[in-house]
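With compact mmCIF, C-alpha atoms inside, this is my_file33.txt:
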```
# COMPACT_ATOMS: atom_id res chain seq x y z
CA MET A 18 -13.05 58.68 35.67
CA LYS A 19 -12.11 55.07 36.25
CA PRO A 20 -11.27 52.96 33.22
CA PRO A 21 -14.26 51.27 31.53
CA ARG A 22 -15.29 47.96 33.04
CA ILE A 23 -18.53 47.14 31.22
CA GLY A 24 -17.38 45.17 28.21
CA ALA A 25 -16.10 48.05 26.13
CA ILE A 26 -15.50 47.63 22.40
CA ASP A 27 -12.08 49.03 21.57
CA CYS A 28 -12.16 50.27 17.96
CA ASP A 29 -8.44 50.93 17.49
CA ILE A 30 -5.59 48.79 18.75
CA HIS A 31 -2.30 48.08 16.98
CA PRO A 32 -0.70 44.64 17.08
CA ALA A 33 2.83 45.13 15.78
CA LEU A 34 4.48 42.95 13.18
CA PRO A 35 7.76 41.84 14.83
CA GLY A 36 9.61 42.12 11.54
CA LEU A 37 9.46 41.32 7.85
CA ALA A 38 10.83 37.82 8.49
CA THR A 39 7.64 37.05 10.41
CA LEU A 40 5.73 37.23 7.13
CA LEU A 41 7.83 34.69 5.24
CA PRO A 42 5.56 31.70 6.10
CA TYR A 43 2.53 33.67 4.92
CA LEU A 44 3.91 34.93 1.61
CA SER A 45 3.30 33.13 -1.66
CA ASP A 46 6.29 31.21 -3.03
CA HIS A 47 6.95 33.98 -5.53
CA TRP A 48 6.96 36.82 -3.03
CA ARG A 49 8.89 34.85 -0.44
CA GLU A 50 11.64 34.34 -2.97
CA MET A 51 11.47 37.98 -4.08
CA VAL A 52 11.77 39.27 -0.51
CA GLN A 53 14.71 37.01 0.22
CA GLN A 54 16.51 37.52 -3.11
CA ALA A 55 16.02 41.27 -3.19
CA GLY A 56 16.94 41.75 0.45
CA LEU A 57 13.86 43.88 1.07
CA HIS A 58 14.29 46.04 4.14
CA GLU A 59 11.83 46.53 6.96
CA LEU A 60 8.92 48.76 5.95
CA GLU A 61 9.08 51.02 8.98
CA THR A 62 7.84 54.60 8.65
CA MET A 63 8.18 57.75 10.72
CA ASN A 64 4.46 57.76 11.45
CA TYR A 65 5.24 56.39 14.93
CA PRO A 66 8.97 56.67 15.71
CA PRO A 67 9.92 53.69 17.92
CA GLY A 68 11.57 55.82 20.60
CA ALA A 69 8.93 58.54 20.79
CA PRO A 70 6.92 58.57 24.05
CA ILE A 71 3.69 58.83 22.06
CA SER A 72 4.44 55.53 20.28
CA ALA A 73 4.21 53.33 23.39
CA ARG A 74 3.86 53.71 27.14
CA ALA A 75 7.14 53.07 28.96
CA ASP A 76 5.90 50.06 30.93
CA TRP A 77 4.45 48.55 27.76
CA ARG A 78 7.83 48.46 26.01
CA PRO A 79 9.42 45.00 26.22
CA VAL A 80 13.12 44.58 26.85
CA ASN A 81 13.46 43.17 23.33
CA GLY A 82 11.27 43.69 20.32
CA LYS A 83 8.32 45.96 19.70
CA ALA A 84 5.46 46.88 22.00
CA ALA A 85 2.25 44.94 21.25
CA SER A 86 4.12 42.36 19.19
CA THR A 87 2.88 39.32 21.14
CA LEU A 88 -0.59 38.11 22.02
CA GLU A 89 0.43 37.85 25.68
CA GLN A 90 1.31 41.54 25.76
CA LEU A 91 -1.90 42.55 24.08
CA ARG A 92 -4.06 40.44 26.38
CA ALA A 93 -2.50 41.72 29.59
CA GLN A 94 -1.98 45.35 28.64
CA ALA A 95 -5.11 46.05 26.59
CA LEU A 96 -7.85 43.40 26.66
CA ASP A 97 -7.68 42.33 30.30
CA ARG A 98 -6.70 45.76 31.59
CA TRP A 99 -9.95 47.37 30.44
CA GLU A 100 -12.05 44.18 30.47
CA THR A 101 -12.59 44.67 26.76
CA SER A 102 -15.25 42.50 25.15
CA LEU A 103 -14.03 43.05 21.56
CA ALA A 104 -11.15 44.95 20.00
CA ILE A 105 -10.46 45.84 16.37
CA CYS A 106 -6.85 45.32 15.26
CA ASN A 107 -5.37 47.83 12.83
CA CYS A 108 -1.93 46.66 11.76
CA LEU A 109 0.14 49.65 10.61
CA TYR A 110 2.97 48.26 8.52
CA GLY A 111 4.37 50.36 5.71
CA VAL A 112 3.12 48.54 2.60
CA GLN A 113 1.79 51.91 1.45
CA MET A 114 5.38 53.15 1.05
CA LEU A 115 6.08 50.79 -1.85
CA PHE A 116 5.82 52.38 -5.29
CA SER A 117 4.94 49.11 -7.01
CA ALA A 118 1.42 47.76 -6.50
CA ASP A 119 2.39 44.09 -6.95
CA PRO A 120 4.65 43.66 -3.91
CA ALA A 121 2.26 45.84 -1.92
CA ALA A 122 -0.54 43.41 -2.77
CA GLY A 123 1.61 40.39 -1.92
CA LEU A 124 2.62 41.83 1.44
CA SER A 125 -0.93 42.97 2.24
CA ARG A 126 -2.18 39.41 1.71
CA ALA A 127 0.57 38.06 3.96
CA ILE A 128 -0.16 40.57 6.73
CA ASN A 129 -3.88 39.81 6.65
CA LEU A 130 -3.15 36.08 6.74
CA TRP A 131 -0.71 36.57 9.63
CA MET A 132 -3.39 38.56 11.45
CA ALA A 133 -5.95 35.81 10.93
CA ARG A 134 -3.68 32.92 11.97
CA GLN A 135 -1.63 34.43 14.79
CA TRP A 136 -4.21 36.74 16.37
CA LEU A 137 -7.82 36.10 15.37
CA ASP A 138 -7.55 32.30 15.50
CA LYS A 139 -6.05 32.45 18.98
CA GLU A 140 -8.06 35.18 20.70
CA PRO A 141 -11.87 35.30 20.29
CA ARG A 142 -12.07 38.88 21.55
CA LEU A 143 -10.19 40.17 18.52
CA ARG A 144 -11.48 41.42 15.19
CA ALA A 145 -9.40 43.04 12.44
CA SER A 146 -9.31 45.43 9.52
CA ILE A 147 -8.37 44.35 6.00
CA LEU A 148 -5.11 46.01 4.98
CA VAL A 149 -5.30 46.86 1.28
CA PRO A 150 -2.68 47.97 -1.30
CA MET A 151 -3.75 51.53 -2.03
CA GLN A 152 -1.34 51.68 -4.97
CA SER A 153 -3.96 49.84 -7.05
CA PRO A 154 -7.72 50.05 -6.37
CA GLU A 155 -8.15 46.92 -8.50
CA LEU A 156 -5.80 44.91 -6.28
CA ALA A 157 -7.31 46.51 -3.17
CA VAL A 158 -10.72 45.22 -4.25
CA ASP A 159 -9.22 41.75 -4.79
CA GLU A 160 -7.99 41.81 -1.19
CA ILE A 161 -11.40 42.88 0.13
CA GLU A 162 -13.11 40.12 -1.86
CA HIS A 163 -10.63 37.55 -0.57
CA TRP A 164 -11.44 38.27 3.09
CA ALA A 165 -15.06 39.42 2.84
CA ASN A 166 -16.51 36.06 3.92
CA ASP A 167 -14.39 35.97 7.08
CA LYS A 168 -16.68 37.85 9.44
CA ARG A 169 -13.82 38.51 11.84
CA PHE A 170 -12.61 41.16 9.41
CA VAL A 171 -14.91 44.09 10.11
CA GLN A 172 -13.34 47.04 8.24
CA VAL A 173 -11.15 48.13 5.31
CA LEU A 174 -8.01 49.96 6.47
CA MET A 175 -6.39 52.89 4.64
CA LEU A 176 -4.05 55.73 5.65
CA ILE A 177 -5.25 59.31 5.70
CA THR A 178 -2.36 60.67 3.61
CA GLY A 179 -1.22 59.09 0.37
CA ASP A 180 -0.99 59.96 -3.30
CA ALA A 181 -4.28 61.79 -3.86
CA PRO A 182 -7.49 63.03 -2.21
CA LEU A 183 -9.49 59.96 -1.28
CA GLY A 184 -12.73 61.20 -2.79
CA LYS A 185 -11.32 60.89 -6.32
CA ARG A 186 -13.22 58.45 -8.53
CA HIS A 187 -10.01 56.47 -8.91
CA TYR A 188 -10.71 55.03 -5.45
CA TRP A 189 -14.43 54.43 -5.85
CA PRO A 190 -14.12 50.68 -6.59
CA ILE A 191 -12.77 50.28 -3.05
CA TYR A 192 -15.80 52.04 -1.58
CA ALA A 193 -18.14 50.02 -3.78
CA ALA A 194 -16.63 46.74 -2.54
CA ALA A 195 -16.66 47.86 1.09
CA SER A 196 -20.27 49.01 0.85
CA ARG A 197 -21.32 45.81 -0.92
CA HIS A 198 -19.97 43.70 1.94
CA GLY A 199 -21.12 45.95 4.77
CA LEU A 200 -17.56 46.93 5.70
CA PRO A 201 -16.82 50.43 7.00
CA VAL A 202 -13.71 52.10 5.61
CA GLY A 203 -11.28 53.09 8.37
CA LEU A 204 -8.96 56.02 7.60
CA HIS A 205 -6.08 55.99 10.06
CA ALA A 206 -3.56 58.68 10.88
CA GLY A 207 -0.37 58.13 8.93
CA SER A 208 1.32 58.89 5.64
CA SER A 209 3.12 57.24 2.76
CA PHE A 210 5.42 60.30 2.82
CA ARG A 211 5.25 60.70 -0.94
CA TYR A 212 4.53 64.37 -0.43
CA PRO A 213 4.93 66.89 2.43
CA THR A 214 2.52 66.38 5.30
CA THR A 215 1.47 70.04 5.10
CA PRO A 216 0.29 72.23 2.19
CA VAL A 217 3.34 74.49 2.57
CA GLY A 218 6.19 71.98 2.57
CA TRP A 219 8.06 69.56 4.79
CA THR A 220 8.16 70.03 8.54
CA SER A 221 11.26 69.81 10.71
CA TYR A 222 9.89 68.00 13.76
CA TYR A 223 7.66 65.04 14.54
CA ALA A 224 5.41 67.24 16.72
CA GLU A 225 4.57 69.32 13.64
CA ASP A 226 3.89 66.25 11.55
CA TYR A 227 1.62 64.67 14.13
CA VAL A 228 -0.40 67.84 14.74
CA ASN A 229 -0.89 68.24 10.99
CA GLN A 230 -2.62 64.85 10.83
CA SER A 231 -5.85 66.65 11.83
CA GLN A 232 -5.52 68.87 8.77
CA ALA A 233 -5.19 65.78 6.60
CA PHE A 234 -8.40 64.37 8.07
CA GLN A 235 -10.22 67.62 7.34
CA THR A 236 -8.98 67.63 3.76
CA GLN A 237 -9.94 64.01 3.12
CA LEU A 238 -13.35 64.40 4.73
CA SER A 239 -14.05 67.39 2.48
CA SER A 240 -12.89 65.36 -0.52
CA LEU A 241 -15.17 62.43 0.27
CA ILE A 242 -18.15 64.76 0.71
CA CYS A 243 -17.55 67.08 -2.25
CA GLU A 244 -16.57 64.37 -4.74
CA GLY A 245 -19.84 62.60 -3.96
CA VAL A 246 -18.64 59.37 -2.34
CA PHE A 247 -21.34 59.43 0.33
CA SER A 248 -24.03 60.24 -2.23
CA LYS A 249 -22.90 57.41 -4.50
CA TYR A 250 -22.67 54.91 -1.63
CA PRO A 251 -25.34 55.90 0.92
CA GLU A 252 -24.77 52.74 2.97
CA LEU A 253 -21.03 53.35 3.32
CA ARG A 254 -19.59 54.20 6.74
CA VAL A 255 -16.22 55.92 7.10
CA VAL A 256 -14.41 55.83 10.44
CA LEU A 257 -11.70 58.41 11.17
CA LEU A 258 -9.14 56.61 13.32
CA GLU A 259 -6.80 58.54 15.60
CA SER A 260 -8.03 61.77 14.03
CA GLY A 261 -8.95 63.78 17.10
CA PHE A 262 -12.40 65.31 16.90
CA THR A 263 -12.45 68.83 18.36
CA TRP A 264 -11.79 70.21 14.85
CA LEU A 265 -14.99 68.71 13.46
CA PRO A 266 -17.66 71.34 14.35
CA ALA A 267 -15.66 74.34 13.07
CA HIS A 268 -14.65 72.48 9.93
CA LEU A 269 -18.23 71.49 9.14
CA TRP A 270 -19.47 75.02 9.75
CA HIS A 271 -16.85 76.30 7.33
CA LEU A 272 -17.54 73.63 4.71
CA THR A 273 -21.30 74.11 4.96
CA LYS A 274 -20.97 77.86 4.44
CA PHE A 275 -19.12 77.41 1.15
CA TRP A 276 -21.30 74.48 0.09
CA ARG A 277 -24.35 76.72 0.33
CA GLY A 278 -22.72 79.34 -1.89
CA LEU A 279 -21.11 76.94 -4.38
CA ARG A 280 -23.44 73.95 -4.39
CA MET A 281 -24.15 74.37 -8.11
CA GLU A 282 -20.72 72.82 -8.86
CA VAL A 283 -21.40 69.79 -6.64
CA PRO A 284 -25.12 69.09 -7.23
CA TRP A 285 -24.70 65.52 -5.97
CA VAL A 286 -24.08 66.90 -2.47
CA ASP A 287 -27.80 67.28 -1.87
CA ARG A 288 -27.77 67.87 1.88
CA PRO A 289 -25.64 69.84 4.35
CA PRO A 290 -22.24 68.29 5.18
CA PHE A 291 -23.20 67.99 8.83
CA GLU A 292 -26.07 65.66 7.93
CA ILE A 293 -23.76 63.50 5.84
CA VAL A 294 -21.26 63.22 8.69
CA ARG A 295 -23.99 62.49 11.21
CA ASP A 296 -25.26 59.59 9.10
CA GLN A 297 -22.09 58.13 7.58
CA VAL A 298 -18.97 59.20 9.49
CA ARG A 299 -17.63 58.19 12.90
CA LEU A 300 -14.50 59.13 14.86
CA THR A 301 -12.51 57.19 17.45
CA LEU A 302 -12.07 58.67 20.91
CA GLN A 303 -8.29 58.66 21.30
CA PRO A 304 -6.50 60.98 21.08
CA VAL A 305 -8.92 63.16 23.05
CA ASP A 306 -7.84 66.64 21.98
CA ALA A 307 -10.45 68.19 24.27
CA PRO A 308 -10.60 71.15 26.66
CA PRO A 309 -9.41 70.34 30.20
CA ARG A 310 -12.63 71.10 32.11
CA PRO A 311 -15.70 68.82 31.95
CA GLU A 312 -18.10 71.71 31.28
CA GLN A 313 -16.00 72.79 28.31
CA PHE A 314 -15.97 69.26 26.95
CA GLU A 315 -19.73 69.03 27.35
CA ARG A 316 -20.11 72.23 25.32
CA LEU A 317 -17.91 70.74 22.60
CA LEU A 318 -20.09 67.63 22.42
CA GLU A 319 -23.13 69.89 22.00
CA HIS A 320 -21.41 71.55 19.06
CA MET A 321 -20.81 68.14 17.47
CA GLY A 322 -24.58 67.79 17.35
CA SER A 323 -24.84 64.02 17.77
CA ASP A 324 -24.08 61.46 20.47
CA LYS A 325 -23.46 58.76 17.84
CA LEU A 326 -20.21 60.09 16.36
CA LEU A 327 -17.62 58.89 18.90
CA LEU A 328 -16.34 55.32 19.21
CA PHE A 329 -14.28 54.08 22.14
CA SER A 330 -10.60 53.43 21.45
CA THR A 331 -7.42 53.15 23.49
CA ASP A 332 -5.06 53.37 20.49
CA TYR A 333 -2.93 50.73 22.26
CA PRO A 334 0.07 50.73 22.41
CA HIS A 335 0.24 54.36 21.23
CA TRP A 336 0.03 56.54 24.29
CA GLN A 337 -2.47 59.38 24.20
CA PHE A 338 -3.73 59.68 27.77
CA ASP A 339 -2.56 59.60 31.40
CA GLY A 340 -2.56 56.45 33.49
CA ASP A 341 -5.42 54.15 32.59
CA GLU A 342 -7.97 56.92 32.13
CA ALA A 343 -8.92 56.23 28.55
CA LEU A 344 -12.22 58.08 28.96
CA PRO A 345 -12.32 61.84 29.56
CA GLU A 346 -14.03 63.33 32.60
CA GLY A 347 -17.54 64.73 32.53
CA LEU A 348 -19.40 62.17 30.42
CA SER A 349 -22.87 61.08 31.46
CA GLY A 350 -23.52 57.40 32.11
CA GLU A 351 -25.74 57.23 29.03
CA LEU A 352 -23.09 58.76 26.79
CA VAL A 353 -20.40 56.48 28.21
CA ARG A 354 -22.43 53.43 27.23
CA LYS A 355 -23.03 54.83 23.74
CA ILE A 356 -19.32 55.47 23.19
CA LEU A 357 -18.17 52.18 24.69
CA ILE A 358 -20.76 49.80 23.25
CA ASP A 359 -23.78 51.11 21.36
CA ASN A 360 -22.00 53.29 18.80
CA PRO A 361 -19.39 50.62 17.89
CA ARG A 362 -22.10 48.00 17.47
CA GLU A 363 -24.11 50.31 15.22
CA THR A 364 -21.04 51.23 13.17
CA TYR A 365 -19.66 47.70 12.71
CA PRO A 366 -22.58 45.34 11.97
CA ARG A 367 -20.23 42.34 11.84
CA LEU A 368 -19.49 42.70 15.54
CA MET A 369 -22.98 41.43 16.19
CA GLU A 370 -22.76 38.47 13.81
CA THR A 371 -21.90 34.98 14.95
CA VAL A 372 -18.34 34.02 14.07
CA GLN A 373 -18.17 30.45 12.79
```
Starting from the file, lay out its structure as structure tokens.
Amino acid sequence: MKPPRIGAIDCDIHPALPGLATLLPYLSDHWREMVQQAGLHELETMNYPPGAPISARADWRPVNGKAASTLEQLRAQALDRWETSLAICNCLYGVQMLFSADPAAGLSRAINLWMARQWLDKEPRLRASILVPMQSPELAVDEIEHWANDKRFVQVLMLITGDAPLGKRHYWPIYAAASRHGLPVGLHAGSSFRYPTTPVGWTSYYAEDYVNQSQAFQTQLSSLICEGVFSKYPELRVVLLESGFTWLPAHLWHLTKFWRGLRMEVPWVDRPPFEIVRDQVRLTLQPVDAPPRPEQFERLLEHMGSDKLLLFSTDYPHWQFDGDEALPEGLSGELVRKILIDNPRETYPRLMETVQ
């Protein structure tokens, strides 16, 4: 299949912060002094090792600096390449690694301000997610409230692996704020590396860690459902970013089986998990962890039970597919349009609002 050329909405791209020094003009006086006096190091994680082939396509790596660290790179390699009409920026910088909530909040504010001034102000095709300090739900809500009136911010961004299951009531103020402002919550692959990335201990290799991200998504989805987040906030949308999606049907079958037998302990889950996911959860396309033949992929989509679940994404500059073929083979024209345009518009209401 040729790359999309009909004004696709890319729901997951990753402008890269060139370095911590880039944030100095956007930090408050206090945090600028703290960063400089304390000699704070770069907050780089092993979620996407710089030299790993999956982290950036070879011809997208500049001679100096990071891939996707300039607007010129992003325009040429992502927006213009696929004739994208809109793209949602998810900046993955390791503020979640900090143990203290206060510097995490200060750096989150600076990153969001940098995103607004250096990217959104200069490129009308871009939208962004609000990076929040997950160390403190109270401070995370403050960050949501600060940016809620800027309609170019269309989502709240969190990592899939952190300190606790995300359905815990500790995090509910974040979901309340997001729901109140019509902002989906985006859960992106990645970890704060507080704990092992598997239930049985630390892995030895990046391949193991990356594959286990799908298990983290399954665990967090179960937590959100069973703890009652979707029942408490029926208008909330959760988007699983860079999660893969072939695991979803089997996981929902499994969860539904045990929900039917144990529903007395979670009476607030008043409908089958599949119905909750169909109404309130979406998943981005890349990485497409799908069978190789179109007929097999079509069968998988039937098992997913809805043509509204998938949102187009390139995951730029992460590299999950061959050449420029961001869409898998075997999709009908109607489904292609849903994935590229209709589903993103329905998921992110702010995409349809006029930006002042």
Inset, instruction - Could you give me, as a PyMOL selection string, the residues that have an atom at most 12 Å away from the point (-9.7, 34.4, 15.9) in the coordinates of the file, using all atoms listed in the file? - result: chain A and resi 88+103-106+130-145+167-170+372-373
Inset, instruction - Select, from A:Val217, A:Ala195, A:Val171, A:Ile293, the residue with the minimum atom-to-atom distance to Arg367 (chain A), counting all atoms listed in the file. - result: A:Val171
Give me, as CSV, each residue of region 105-198 of chain A that comes within 9 Å of region 251-263 of chain A, together with its shortest interatomic pair and the distance in Å at one decimal, counting only C-alpha atoms, with rows ordered by chain and rising residue number.
```
residue,atom,partner,partner_atom,distance
A:Ile177,CA,A:Leu257,CA,8.5
A:Tyr192,CA,A:Leu253,CA,7.3
A:Ala193,CA,A:Leu253,CA,8.4
A:Ala195,CA,A:Leu253,CA,7.4
A:Ser196,CA,A:Leu253,CA,5.1
A:Arg197,CA,A:Leu253,CA,8.7
```
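Summary of the local environment: counting all atoms listed in the file, residues at most 7 Å from Ile147 (chain A), other than itself and those fewer than 3 positions away along its chain, are A:Asn129, A:Ile161, A:Phe170, A:Gln172, A:Val173, A:Leu174.
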Legend entry - Option closest in space to Met175 (chain A), from A:Ala121, A:Val228, A:Ile128, A:Leu109 [counting all atoms listed in the file]: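 With all atoms listed in the file as the atom set, the closest residue is A:Leu109.
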Inset, instruction - Could you please determine the separation between CA of Gly184 (chain A) and CA of Ser208 (chain A) in Å, to one decimal place? - result: 16.5 Å
Inset, instruction - Using only C-alpha atoms, pick whichever of A:Leu302, A:Tyr223, A:His271, A:Leu265 has the shortest atom-to-atom distance to Pro66 (chain A). - result: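 So, comparing all the options, the nearest one is A:Tyr223.
Picture a line from CA of Ile191 (chain A) to CA of Val158 (chain A); it runs 5.6 Å.
Using only C-alpha atoms, the residues found no farther than 8 Å from Met114 (chain A), other than those of its own chain fewer than 2 positions away, are A:Leu60, A:Gly111, A:Val112, A:Phe116, A:Ser209, A:Phe210, A:Arg211.
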